[in-house]
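A short worksheet on the structure shown next.
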Amino acid sequence: TSPYARKEVVDGVLTAVPASGAAEVEAQVVDPVKVTDRVLDNGIVRVTFDDNGLMTSVRDLVADREVLAGPGNLLQLHSDLPNFWDAWDIDAHYRRRHVDLVDVDAITAVDQGIRIERSFGSSRITQLVSLRPGSARVDVRTKIDWHEEEKILKAAFPLDVHAERSAAEIQFGHVYRPTHTNTSWDAARFEIYAHRWMHVAETGYGVAVLNDSTYGHDVT
């Protein structure tokens with residue numbers, strides 16, 4: 001029994017499973033995911049791509065709302081040259097210089113979604129962006145053949161959400177941090193840690209960025 005209600009799709013049938021116990025549930029047939037040249041659509045979310053493989057739109061069809069405020073899944077390459085302790089330290093000035101990885105080697109519509117291939121320096125990235133039937137989640141599976149030195153790679157998602165704080169998962173719940181730099185303490189948190197997700201929200205609406213590991217983040 002999960003403490004959270006969830007939805008599962010099996011053989012094209014969506015079943016809503018209630019939280020913390022058993023109950024009679026009602027199943028319904030869900031629409032399949034439509035994959036075209038530059039669009040993914042499952043009736044809940046529509047994702048649109050440009051010719052460089054960037055997300056130009058993530059449309060919440062249920063709320064009738066655009067999620068992105070700019071190109072999404074924008075990979076950015078930063079210099080990693082801290083003043084001290086090169087092995088593990090990150091200084092705030094790393095954010096002043098970066099290269100947007102917008103050049104694409106190939107973008108292909110496949111059965112599972114949209115596959116994007118990029119190369120830079122001596123490295124190569126392959127991403128598969130997909131949707132699941134009945135789900136509001138956009139999956140980005142990233143495979144990186146990394147051969148760079150003194151570089152940081154980040155994925156940027158400009159979100160159209162008015163939030164003065166972010167929520168980050170920690171081992172026993174979550175912690176809030178400001179999205180602004182009104183104080184020196186706020187400015188010192190230019191890079192923050194989180195476990196598997198970051199969440200920003202305004203009254204009545206929110207967006208989360210999830211991952212399957214532990215990475216550094218920044219929210220501004």
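Residue numbering restarts at 1 for every chain of the structure tokens, chains are lettered A, B, ... in their displayed order, and ligands are numbered from 1 as they appear.
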
| Residues flagged strand (DSSP E) by DSSP in range 51-213 of chain A, as a ChimeraX atom specification | /A:55-60,65-66,74-79,98-100,106-110,113-120,123-131,138-145,151-156,165-170,173-178,192-194,197-202,205-210

| field | All residues 9 Å or closer to Ser57 in chain A, only C-alpha atoms, same chain fewer than 4 positions away omitted, as an NGL selection string | value | :A and (46-49 or 66-72)

Write the residues of the preceding selection, restricted to N, CA, C and O atoms, as a PDB file, in the first residue's frame.
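Wrote selection25.pdb, looks like this:
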```pdb
ATOM      1  N   ARG A  46       0.953  17.872 -24.309  1.00  0.00           N
ATOM      2  CA  ARG A  46       1.456  17.945 -25.682  1.00  0.00           C
ATOM      3  C   ARG A  46       2.828  18.607 -25.656  1.00  0.00           C
ATOM      4  O   ARG A  46       2.980  19.726 -25.145  1.00  0.00           O
ATOM      5  N   VAL A  47       3.835  17.916 -26.183  1.00  0.00           N
ATOM      6  CA  VAL A  47       5.208  18.418 -26.223  1.00  0.00           C
ATOM      7  C   VAL A  47       5.577  18.697 -27.670  1.00  0.00           C
ATOM      8  O   VAL A  47       5.437  17.815 -28.527  1.00  0.00           O
ATOM      9  N   THR A  48       6.054  19.912 -27.936  1.00  0.00           N
ATOM     10  CA  THR A  48       6.434  20.319 -29.284  1.00  0.00           C
ATOM     11  C   THR A  48       7.925  20.629 -29.318  1.00  0.00           C
ATOM     12  O   THR A  48       8.465  21.236 -28.385  1.00  0.00           O
ATOM     13  N   PHE A  49       8.590  20.234 -30.407  1.00  0.00           N
ATOM     14  CA  PHE A  49      10.032  20.410 -30.565  1.00  0.00           C
ATOM     15  C   PHE A  49      10.309  21.284 -31.780  1.00  0.00           C
ATOM     16  O   PHE A  49       9.532  21.318 -32.739  1.00  0.00           O
ATOM     17  N   GLU A  66       0.405  26.630 -20.580  1.00  0.00           N
ATOM     18  CA  GLU A  66       1.755  26.379 -21.055  1.00  0.00           C
ATOM     19  C   GLU A  66       2.707  26.288 -19.856  1.00  0.00           C
ATOM     20  O   GLU A  66       2.669  27.133 -18.963  1.00  0.00           O
ATOM     21  N   VAL A  67       3.547  25.275 -19.851  1.00  0.00           N
ATOM     22  CA  VAL A  67       4.465  25.047 -18.739  1.00  0.00           C
ATOM     23  C   VAL A  67       5.780  25.796 -18.926  1.00  0.00           C
ATOM     24  O   VAL A  67       6.356  26.300 -17.963  1.00  0.00           O
ATOM     25  N   LEU A  68       6.266  25.889 -20.163  1.00  0.00           N
ATOM     26  CA  LEU A  68       7.584  26.456 -20.405  1.00  0.00           C
ATOM     27  C   LEU A  68       7.523  27.959 -20.664  1.00  0.00           C
ATOM     28  O   LEU A  68       6.583  28.459 -21.277  1.00  0.00           O
ATOM     29  N   ALA A  69       8.567  28.657 -20.207  1.00  0.00           N
ATOM     30  CA  ALA A  69       8.738  30.076 -20.500  1.00  0.00           C
ATOM     31  C   ALA A  69       9.845  30.304 -21.521  1.00  0.00           C
ATOM     32  O   ALA A  69      10.129  31.441 -21.887  1.00  0.00           O
ATOM     33  N   GLY A  70      10.486  29.235 -21.977  1.00  0.00           N
ATOM     34  CA  GLY A  70      11.570  29.306 -22.953  1.00  0.00           C
ATOM     35  C   GLY A  70      11.907  27.894 -23.387  1.00  0.00           C
ATOM     36  O   GLY A  70      11.239  26.937 -22.990  1.00  0.00           O
ATOM     37  N   PRO A  71      12.934  27.736 -24.214  1.00  0.00           N
ATOM     38  CA  PRO A  71      13.289  26.400 -24.691  1.00  0.00           C
ATOM     39  C   PRO A  71      13.595  25.451 -23.538  1.00  0.00           C
ATOM     40  O   PRO A  71      14.400  25.759 -22.661  1.00  0.00           O
ATOM     41  N   GLY A  72      12.944  24.299 -23.523  1.00  0.00           N
ATOM     42  CA  GLY A  72      13.128  23.317 -22.454  1.00  0.00           C
ATOM     43  C   GLY A  72      14.100  22.222 -22.839  1.00  0.00           C
ATOM     44  O   GLY A  72      14.356  21.977 -24.018  1.00  0.00           O
TER      45      GLY A  72
END
```

| query | Could you pull the residues within 6 Å of range 108-122 of chain A, counting only C-alpha atoms, minus those fewer than 6 positions along the same chain, as a ChimeraX atom specification? | reply | /A:37,128-130,147

| query | Can you tell me, as a list of chain:residue names, what residues are no more than 12 Å from Leu101 in chain A when counting only C-alpha atoms, ignoring any on the same chain fewer than 4 positions away? | reply |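 Contacts, in chain order: A:Asn52, A:Gly53, A:Leu54, A:Pro71, A:Asn73, A:Leu74, A:Leu75, A:Gln76, A:Leu77, A:His78, A:Asp105, A:Ile116, A:Glu117, A:Arg118, A:Ser119, A:Phe120, A:Gly121, A:Ser123, A:Arg124, A:Ile125, A:Leu153, A:Lys154, A:Ala155, A:Ala156.
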
Suppose we keep C-alpha atoms; can you now write the selection as a tab-separated table (two decimals), in the first residue's frame?
```tsv
chain	number	residue	atom	x	y	z
A	52	ASN	CA	17.19	21.60	-33.04
A	53	GLY	CA	15.40	19.12	-30.78
A	54	LEU	CA	14.59	21.68	-28.07
A	71	PRO	CA	13.29	26.40	-24.69
A	73	ASN	CA	15.69	20.55	-22.00
A	74	LEU	CA	18.35	23.04	-23.09
A	75	LEU	CA	21.75	21.45	-22.43
A	76	GLN	CA	24.35	23.98	-21.28
A	77	LEU	CA	28.10	23.42	-21.01
A	78	HIS	CA	29.87	25.45	-18.29
A	105	ASP	CA	23.18	15.72	-35.39
A	116	ILE	CA	17.73	13.59	-30.32
A	117	GLU	CA	21.45	13.11	-30.97
A	118	ARG	CA	24.09	15.76	-30.30
A	119	SER	CA	27.88	15.91	-30.27
A	120	PHE	CA	30.26	18.46	-28.77
A	121	GLY	CA	34.00	18.43	-28.14
A	123	SER	CA	31.55	13.74	-26.37
A	124	ARG	CA	28.17	12.58	-27.63
A	125	ILE	CA	24.65	12.73	-26.18
A	153	LEU	CA	26.83	19.90	-18.08
A	154	LYS	CA	23.40	21.17	-17.06
A	155	ALA	CA	19.86	20.74	-18.39
A	156	ALA	CA	17.78	23.93	-18.22
```

| Selection: 12 Å around Gln171 in chain A, only C-alpha atoms, excl. self and same-chain fewer than 3 positions, as an MDAnalysis selection string | chainID A and resid 168 174:175 193:197 214

Residues just named, written with N, CA and C atoms as an mmCIF file, in the first residue's frame:
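File produced: selection_11.cif:
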```
data_model
loop_
_atom_site.group_PDB
_atom_site.id
_atom_site.type_symbol
_atom_site.label_atom_id
_atom_site.label_comp_id
_atom_site.auth_asym_id
_atom_site.auth_seq_id
_atom_site.Cartn_x
_atom_site.Cartn_y
_atom_site.Cartn_z
ATOM 1 N N ALA A 168 12.832 20.947 -2.374
ATOM 2 C CA ALA A 168 13.776 19.915 -2.803
ATOM 3 C C ALA A 168 13.655 18.705 -1.892
ATOM 4 N N HIS A 174 11.250 17.126 2.594
ATOM 5 C CA HIS A 174 11.713 18.125 1.658
ATOM 6 C C HIS A 174 12.084 19.397 2.414
ATOM 7 N N VAL A 175 12.844 20.254 1.735
ATOM 8 C CA VAL A 175 13.281 21.511 2.324
ATOM 9 C C VAL A 175 12.981 22.631 1.329
ATOM 10 N N TYR A 193 21.614 21.224 -3.303
ATOM 11 C CA TYR A 193 21.507 19.777 -3.453
ATOM 12 C C TYR A 193 20.055 19.346 -3.325
ATOM 13 N N ALA A 194 19.767 18.215 -3.896
ATOM 14 C CA ALA A 194 18.446 17.603 -3.771
ATOM 15 C C ALA A 194 18.606 16.129 -4.085
ATOM 16 N N HIS A 195 17.665 15.344 -3.632
ATOM 17 C CA HIS A 195 17.693 13.919 -3.955
ATOM 18 C C HIS A 195 17.102 13.698 -5.345
ATOM 19 N N ARG A 196 15.817 13.398 -5.452
ATOM 20 C CA ARG A 196 15.276 12.999 -6.747
ATOM 21 C C ARG A 196 14.388 14.039 -7.408
ATOM 22 N N TRP A 197 14.009 15.093 -6.718
ATOM 23 C CA TRP A 197 13.129 16.051 -7.375
ATOM 24 C C TRP A 197 13.289 17.459 -6.813
ATOM 25 N N THR A 214 21.107 11.651 -7.702
ATOM 26 C CA THR A 214 21.303 12.840 -6.878
ATOM 27 C C THR A 214 22.258 13.795 -7.603
#
```

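Within range 26-139 of chain A, DSSP applied to the backbone places the following residues in helix (DSSP H, G or I): Ala92, His93, Tyr94, Arg95 and Arg96 of chain A.
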